[in-house]
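Participant: Below you'll find input08.pdb; it's PDB, C-alpha atoms.
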MODEL        1
ATOM      1  CA  MET A1405    -110.697   1.743 -65.413
ATOM      2  CA  ASP A1406    -111.175   4.390 -62.749
ATOM      3  CA  ARG A1407    -109.363   7.503 -63.962
ATOM      4  CA  GLY A1408    -109.941   9.353 -60.752
ATOM      5  CA  GLU A1409    -110.053  13.100 -60.330
ATOM      6  CA  GLY A1410    -107.503  15.745 -61.157
ATOM      7  CA  SER A1411    -105.230  16.075 -64.139
ATOM      8  CA  VAL A1412    -105.385  12.436 -65.278
ATOM      9  CA  GLY A1413    -109.183  12.367 -65.116
ATOM     10  CA  GLY A1414    -109.433  15.785 -66.736
ATOM     11  CA  GLY A1415    -106.991  14.803 -69.463
ATOM     12  CA  ALA A1416    -108.824  11.550 -70.114
ATOM     13  CA  ASP A1417    -112.129  13.416 -70.351
ATOM     14  CA  ALA A1418    -110.603  15.969 -72.752
ATOM     15  CA  GLN A1419    -109.256  13.119 -74.863
ATOM     16  CA  LYS A1420    -112.630  11.376 -74.918
ATOM     17  CA  GLU A1421    -114.272  14.647 -75.975
ATOM     18  CA  GLY A1422    -111.759  15.086 -78.802
ATOM     19  CA  LYS A1423    -110.136  18.173 -77.281
ATOM     20  CA  VAL A1424    -106.721  16.476 -77.127
ATOM     21  CA  ARG A1425    -105.447  13.582 -79.213
ATOM     22  CA  TYR A1426    -102.666  12.154 -77.072
ATOM     23  CA  LEU A1427    -101.888  11.882 -73.372
ATOM     24  CA  GLY A1428     -98.614  11.006 -71.746
ATOM     25  CA  PHE A1429     -96.677  11.421 -68.542
ATOM     26  CA  THR A1430     -93.097  11.990 -67.547
ATOM     27  CA  GLY A1431     -90.849  11.820 -64.520
ATOM     28  CA  HIS A1432     -87.304  11.331 -63.317
ATOM     29  CA  LYS A1433     -87.741   9.876 -59.861
ATOM     30  CA  SER A1434     -88.566   6.197 -59.926
ATOM     31  CA  PRO A1435     -89.266   3.453 -62.426
ATOM     32  CA  HIS A1436     -91.664   2.009 -59.836
ATOM     33  CA  ILE A1437     -93.822   5.140 -60.034
ATOM     34  CA  HIS A1438     -93.848   4.855 -63.825
ATOM     35  CA  ARG A1439     -94.853   1.185 -63.627
ATOM     36  CA  ARG A1440     -97.813   2.098 -61.422
ATOM     37  CA  MET A1441     -98.766   4.988 -63.698
ATOM     38  CA  LEU A1442     -99.017   2.604 -66.655
ATOM     39  CA  ASP A1443    -102.154   1.130 -65.041
ATOM     40  CA  VAL A1444    -103.866   4.494 -64.431
ATOM     41  CA  HIS A1445    -104.791   5.243 -68.054
ATOM     42  CA  LYS A1446    -104.274   3.972 -71.590
ATOM     43  CA  TRP A1447    -101.361   6.339 -72.224
ATOM     44  CA  ASP A1448     -99.982   7.300 -75.605
ATOM     45  CA  THR A1449     -96.495   8.279 -74.386
ATOM     46  CA  VAL A1450     -94.216   8.023 -71.402
ATOM     47  CA  GLN A1451     -91.018  10.063 -71.043
ATOM     48  CA  MET A1452     -88.164   8.941 -68.812
ATOM     49  CA  PRO A1453     -84.389   9.106 -68.294
ATOM     50  CA  ILE A1454     -82.498   6.793 -70.654
ATOM     51  CA  ASN A1455     -78.712   6.864 -70.304
ATOM     52  CA  VAL A1456     -75.726   4.575 -69.809
ATOM     53  CA  CYS A1457     -75.902   4.865 -66.020
ATOM     54  CA  ASP A1458     -79.636   4.122 -65.909
ATOM     55  CA  TYR A1459     -78.961   0.522 -66.917
ATOM     56  CA  HIS A1460     -77.205  -0.118 -63.565
ATOM     57  CA  TYR A1461     -79.284   2.040 -61.192
ATOM     58  CA  ARG A1462     -83.083   2.075 -60.783
ATOM     59  CA  SER A1463     -83.373   1.390 -64.478
ATOM     60  CA  PHE A1464     -86.204   2.881 -66.495
ATOM     61  CA  ALA A1465     -84.853   1.143 -69.615
ATOM     62  CA  ARG A1466     -85.132  -2.271 -68.007
ATOM     63  CA  GLN A1467     -88.161  -1.787 -65.737
ATOM     64  CA  VAL A1468     -90.487   0.532 -67.693
ATOM     65  CA  VAL A1469     -89.669   0.443 -71.402
ATOM     66  CA  PRO A1470     -90.486  -3.259 -72.013
ATOM     67  CA  GLU A1471     -93.869  -3.013 -70.265
ATOM     68  CA  ALA A1472     -94.765   0.264 -71.963
ATOM     69  CA  ARG A1473     -93.795  -1.060 -75.394
ATOM     70  CA  GLN A1474     -95.868  -4.213 -74.792
ATOM     71  CA  ARG A1475     -98.856  -1.942 -74.143
ATOM     72  CA  GLY A1476     -98.209   0.053 -77.329
ATOM     73  CA  ILE A1477     -97.045   3.165 -75.499
ATOM     74  CA  ALA A1478     -94.418   5.303 -77.227
ATOM     75  CA  CYS A1479     -91.339   5.693 -75.021
ATOM     76  CA  LEU A1480     -89.526   9.026 -75.064
ATOM     77  CA  GLY A1481     -85.997   9.149 -73.703
ATOM     78  CA  MET A1482     -84.454  12.128 -71.921
ATOM     79  CA  GLU A1483     -81.389  12.872 -69.796
ATOM     80  CA  SER A1484     -79.149  10.912 -72.172
ATOM     81  CA  LEU A1485     -76.213  13.057 -70.985
ATOM     82  CA  GLY A1486     -77.275  12.850 -67.348
ATOM     83  CA  GLY A1487     -78.750  16.345 -67.183
ATOM     84  CA  GLY A1488     -77.421  19.832 -67.781
ATOM     85  CA  GLN A1489     -75.148  21.101 -70.524
ATOM     86  CA  PRO A1490     -72.718  19.787 -71.652
ATOM     87  CA  GLY A1491     -74.087  16.944 -69.551
ATOM     88  CA  ARG A1492     -73.133  15.425 -66.237
ATOM     89  CA  LEU A1493     -71.963  12.168 -67.807
ATOM     90  CA  VAL A1494     -69.713  14.047 -70.218
ATOM     91  CA  THR A1495     -68.225  16.468 -67.669
ATOM     92  CA  ALA A1496     -67.590  13.578 -65.241
ATOM     93  CA  GLN A1497     -65.916  11.690 -68.104
ATOM     94  CA  VAL A1498     -68.233   8.708 -67.763
ATOM     95  CA  CYS A1499     -68.636   8.720 -71.537
ATOM     96  CA  THR A1500     -68.598  11.054 -74.510
ATOM     97  CA  ALA A1501     -71.671  12.873 -75.773
ATOM     98  CA  GLU A1502     -71.628  10.638 -78.840
ATOM     99  CA  GLU A1503     -71.517   7.465 -76.734
ATOM    100  CA  ALA A1504     -74.320   8.743 -74.496
ATOM    101  CA  ILE A1505     -76.643   9.734 -77.317
ATOM    102  CA  ARG A1506     -75.822   6.640 -79.344
ATOM    103  CA  TYR A1507     -76.598   4.488 -76.310
ATOM    104  CA  ALA A1508     -79.987   6.146 -75.759
ATOM    105  CA  LEU A1509     -80.905   5.905 -79.430
ATOM    106  CA  SER A1510     -79.973   2.207 -79.374
ATOM    107  CA  ARG A1511     -82.634   1.503 -76.731
ATOM    108  CA  ASP A1512     -86.223   0.629 -77.636
ATOM    109  CA  ILE A1513     -87.483   4.214 -77.583
ATOM    110  CA  SER A1514     -89.542   6.154 -80.110
ATOM    111  CA  SER A1515     -87.645   9.423 -79.762
ATOM    112  CA  LEU A1516     -84.937  11.093 -77.700
ATOM    113  CA  VAL A1517     -85.359  14.560 -76.223
ATOM    114  CA  VAL A1518     -81.996  16.340 -76.158
ATOM    115  CA  GLY A1519     -81.210  19.700 -74.615
ATOM    116  CA  ILE A1520     -79.821  22.238 -77.038
ATOM    117  CA  ASP A1521     -78.504  25.455 -75.556
ATOM    118  CA  SER A1522     -76.219  26.606 -78.356
ATOM    119  CA  ARG A1523     -75.596  26.325 -82.070
ATOM    120  CA  GLU A1524     -72.544  24.162 -81.358
ATOM    121  CA  ILE A1525     -74.579  21.654 -79.343
ATOM    122  CA  LEU A1526     -77.188  21.588 -82.113
ATOM    123  CA  LYS A1527     -74.476  20.860 -84.697
ATOM    124  CA  GLN A1528     -72.992  18.156 -82.447
ATOM    125  CA  ASP A1529     -76.359  16.466 -81.912
ATOM    126  CA  LEU A1530     -77.232  16.595 -85.614
ATOM    127  CA  ALA A1531     -73.883  15.050 -86.537
ATOM    128  CA  ILE A1532     -74.408  12.247 -84.009
ATOM    129  CA  ALA A1533     -77.949  11.600 -85.295
ATOM    130  CA  ARG A1534     -76.875  11.617 -88.944
ATOM    131  CA  ALA A1535     -74.057   9.150 -88.311
ATOM    132  CA  PHE A1536     -76.114   6.988 -85.926
ATOM    133  CA  GLN A1537     -75.589   3.247 -85.953
ATOM    134  CA  PRO A1538     -77.098   1.173 -83.127
ATOM    135  CA  TYR A1539     -74.627  -0.445 -80.774
ATOM    136  CA  SER A1540     -73.952  -4.091 -81.488
ATOM    137  CA  GLU A1541     -74.470  -6.443 -78.533
ATOM    138  CA  GLU A1542     -70.689  -6.649 -78.091
ATOM    139  CA  GLU A1543     -70.225  -2.854 -78.172
ATOM    140  CA  LEU A1544     -73.126  -2.383 -75.780
ATOM    141  CA  ALA A1545     -71.761  -4.910 -73.290
ATOM    142  CA  LYS A1546     -68.336  -3.248 -73.423
ATOM    143  CA  LEU A1547     -69.786   0.235 -72.779
ATOM    144  CA  LEU A1548     -72.053  -0.916 -69.943
ATOM    145  CA  ASN A1549     -69.182  -2.803 -68.320
ATOM    146  CA  ARG A1550     -66.932   0.268 -68.591
ATOM    147  CA  VAL A1551     -69.428   2.552 -66.776
ATOM    148  CA  LYS A1552     -70.644   0.014 -64.212
ATOM    149  CA  SER A1553     -68.287   1.077 -61.417
ATOM    150  CA  VAL A1554     -69.582   4.681 -61.465
ATOM    151  CA  ALA A1555     -73.192   3.909 -62.356
ATOM    152  CA  GLY A1556     -74.467   1.500 -59.705
ATOM    153  CA  ASP A1557     -74.670   3.938 -56.817
ATOM    154  CA  GLY A1558     -76.671   6.681 -58.552
ATOM    155  CA  ARG A1559     -74.060   9.425 -58.193
ATOM    156  CA  HIS A1560     -74.668  10.570 -61.774
ATOM    157  CA  GLU A1561     -78.465  10.301 -61.576
ATOM    158  CA  ARG A1562     -79.235  12.201 -58.399
ATOM    159  CA  PHE A1563     -82.652  13.135 -59.816
ATOM    160  CA  LYS A1564     -83.681   9.544 -59.005
ATOM    161  CA  SER A1565     -82.672   9.551 -55.356
ATOM    162  CA  THR A1566     -82.798  13.085 -53.913
ATOM    163  CA  GLN A1567     -85.472  15.693 -53.398
ATOM    164  CA  PHE A1568     -83.254  18.456 -54.838
ATOM    165  CA  PHE A1569     -84.710  17.909 -58.300
ATOM    166  CA  ASP A1570     -88.338  17.771 -57.189
ATOM    167  CA  GLY A1571     -90.680  20.655 -57.904
ATOM    168  CA  PRO A1572     -91.362  23.403 -55.345
ATOM    169  CA  TYR A1573     -94.452  21.651 -53.969
ATOM    170  CA  HIS A1574     -92.553  18.472 -53.103
ATOM    171  CA  GLN A1575     -89.483  20.337 -51.886
ATOM    172  CA  LYS A1576     -91.705  22.174 -49.403
ATOM    173  CA  GLN A1577     -93.380  18.871 -48.519
ATOM    174  CA  HIS A1578     -89.931  17.436 -47.648
ATOM    175  CA  GLY A1579     -88.932  20.535 -45.681
ATOM    176  CA  LEU A1580     -86.302  21.694 -48.162
ATOM    177  CA  THR A1581     -85.516  25.376 -48.278
ATOM    178  CA  LYS A1582     -84.424  27.273 -51.365
ATOM    179  CA  GLU A1583     -80.970  27.628 -49.805
ATOM    180  CA  ALA A1584     -80.655  23.862 -49.229
ATOM    181  CA  VAL A1585     -81.689  23.081 -52.784
ATOM    182  CA  GLU A1586     -79.312  25.632 -54.301
ATOM    183  CA  GLY A1587     -76.486  24.651 -51.956
ATOM    184  CA  THR A1588     -76.071  28.121 -50.468
TER     185      THR A1588
ENDMDL
END
Spit out the file's structure as structure tokens when you get a sec.
Facilitator:
Amino acid sequence: MDRGEGSVGGGADAQKEGKVRYLGFTGHKSPHIHRRMLDVHKWDTVQMPINVCDYHYRSFARQVVPEARQRGIACLGMESLGGGQPGRLVTAQVCTAEEAIRYALSRDISSLVVGIDSREILKQDLAIARAFQPYSEEELAKLLNRVKSVAGDGRHERFKSTQFFDGPYHQKQHGLTKEAVEGT
């Protein structure tokens, strides 16, 4: 496999030399990009958004996770609350924090990365994890059906469809100014 130049090639060389044990990649933008990245290297991990809205809009859970798992790649979930604190999905009343985290943990992922910005959020997340029970198929279908009307157009996952969440290099590449990104 041609690793190419740059960070992937450098990382692969460092792994081969025993300088690093594991290599992975992450992104928010597109499951199609992740699918293509799976062929670039024999990755150890891949991190991606996993939330109740993802199922209905450019789904990482449906388009990336099965292929990655088949290849033996550990899948790390993020953005279970849709981003930010207390979470876009919670503030927009799409679902509760417990429903969101329980949903993500019920997917075929190895671990879930949650944002913790206070002791209260830490306590909340620990309580949810300690009481965790995977959704049954019936419960899952009910939850996904309930959020479908607000999930299919991407309004709660703007990181997938806008440049506002891209890094500075890509924002400049798309002609976005700081003021446009910050909405000022």
Participant: Listing only residues of region 1419-1473 of chain A within 12 Å of region 1498-1503 of chain A, what is the closest atom pair and its distance in Å (to one decimal) for each, using only C-alpha atoms, sorted by chain and residue number ascending, as CSV?
Facilitator:
residue,atom,partner,partner_atom,distance
A:Asn1455,CA,A:Glu1503,CA,9.7
A:Val1456,CA,A:Cys1499,CA,8.4
A:Cys1457,CA,A:Val1498,CA,8.8
Participant: If I take CA of Val1469 (chain A) and CA of Asp1521 (chain A), how far is one from the other in Å, to one decimal?
Facilitator: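 The value is 27.7 Å.
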Participant: Counting only C-alpha atoms, what are the residues of region 1442-1484 of chain A within 10 Å of region 1419-1427 of chain A, and for each of them which pair of atoms is the nearest and at what distance in Å, to one decimal? Sort the table by chain and rising number, as a tab-separated table.
Facilitator:
residue	atom	partner	partner_atom	distance
A:His1445	CA	A:Leu1427	CA	9.0
A:Lys1446	CA	A:Leu1427	CA	8.5
A:Trp1447	CA	A:Leu1427	CA	5.7
A:Asp1448	CA	A:Leu1427	CA	5.4
A:Thr1449	CA	A:Leu1427	CA	6.6
A:Val1450	CA	A:Leu1427	CA	8.8
Participant: Which is closer to Pro1453 (chain A) than all the others in A:Val1412, A:Ile1477, A:Ile1513, A:Met1441, using all atoms listed in the file?
Facilitator: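 Going through A:Val1412, A:Ile1477, A:Ile1513, A:Met1441 one by one, the smallest distance to Pro1453 (chain A) is for A:Ile1513.
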Participant: Within 9 Å of region 1537-1544 of chain A, which residues of region 1437-1518 of chain A show up? Give each one with its shortest atom-to-atom distance in Å (one decimal) and the two atoms involved, counting all atoms listed in the file, rows by chain then rising residue number, as a tab-separated table.
Facilitator:
residue	atom	partner	partner_atom	distance
A:Arg1506	CA	A:Pro1538	CA	6.8
A:Tyr1507	CA	A:Tyr1539	CA	6.9
A:Leu1509	CA	A:Pro1538	CA	7.1
A:Ser1510	CA	A:Pro1538	CA	4.8
A:Arg1511	CA	A:Pro1538	CA	8.5
Participant: Given the file above and the PyMOL selection byres ((chain A and resi 1434) around 10), which residues are selected, and can you give them as a CSV table (one decimal) with C-alpha atoms, in the coordinates of the input?
Facilitator:
chain,number,residue,atom,x,y,z
A,1431,GLY,CA,-90.8,11.8,-64.5
A,1432,HIS,CA,-87.3,11.3,-63.3
A,1433,LYS,CA,-87.7,9.9,-59.9
A,1435,PRO,CA,-89.3,3.5,-62.4
A,1436,HIS,CA,-91.7,2.0,-59.8
A,1437,ILE,CA,-93.8,5.1,-60.0
A,1438,HIS,CA,-93.8,4.9,-63.8
A,1439,ARG,CA,-94.9,1.2,-63.6
A,1452,MET,CA,-88.2,8.9,-68.8
A,1453,PRO,CA,-84.4,9.1,-68.3
A,1462,ARG,CA,-83.1,2.1,-60.8
A,1463,SER,CA,-83.4,1.4,-64.5
A,1464,PHE,CA,-86.2,2.9,-66.5
A,1467,GLN,CA,-88.2,-1.8,-65.7
A,1468,VAL,CA,-90.5,0.5,-67.7
A,1563,PHE,CA,-82.7,13.1,-59.8
A,1564,LYS,CA,-83.7,9.5,-59.0
A,1565,SER,CA,-82.7,9.6,-55.4
Participant: Figure out the distance between CA of Thr1430 (chain A) and CA of Arg1523 (chain A), please, to one decimal in Å.
Facilitator: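 Here the two named atoms are 26.9 Å from each other.
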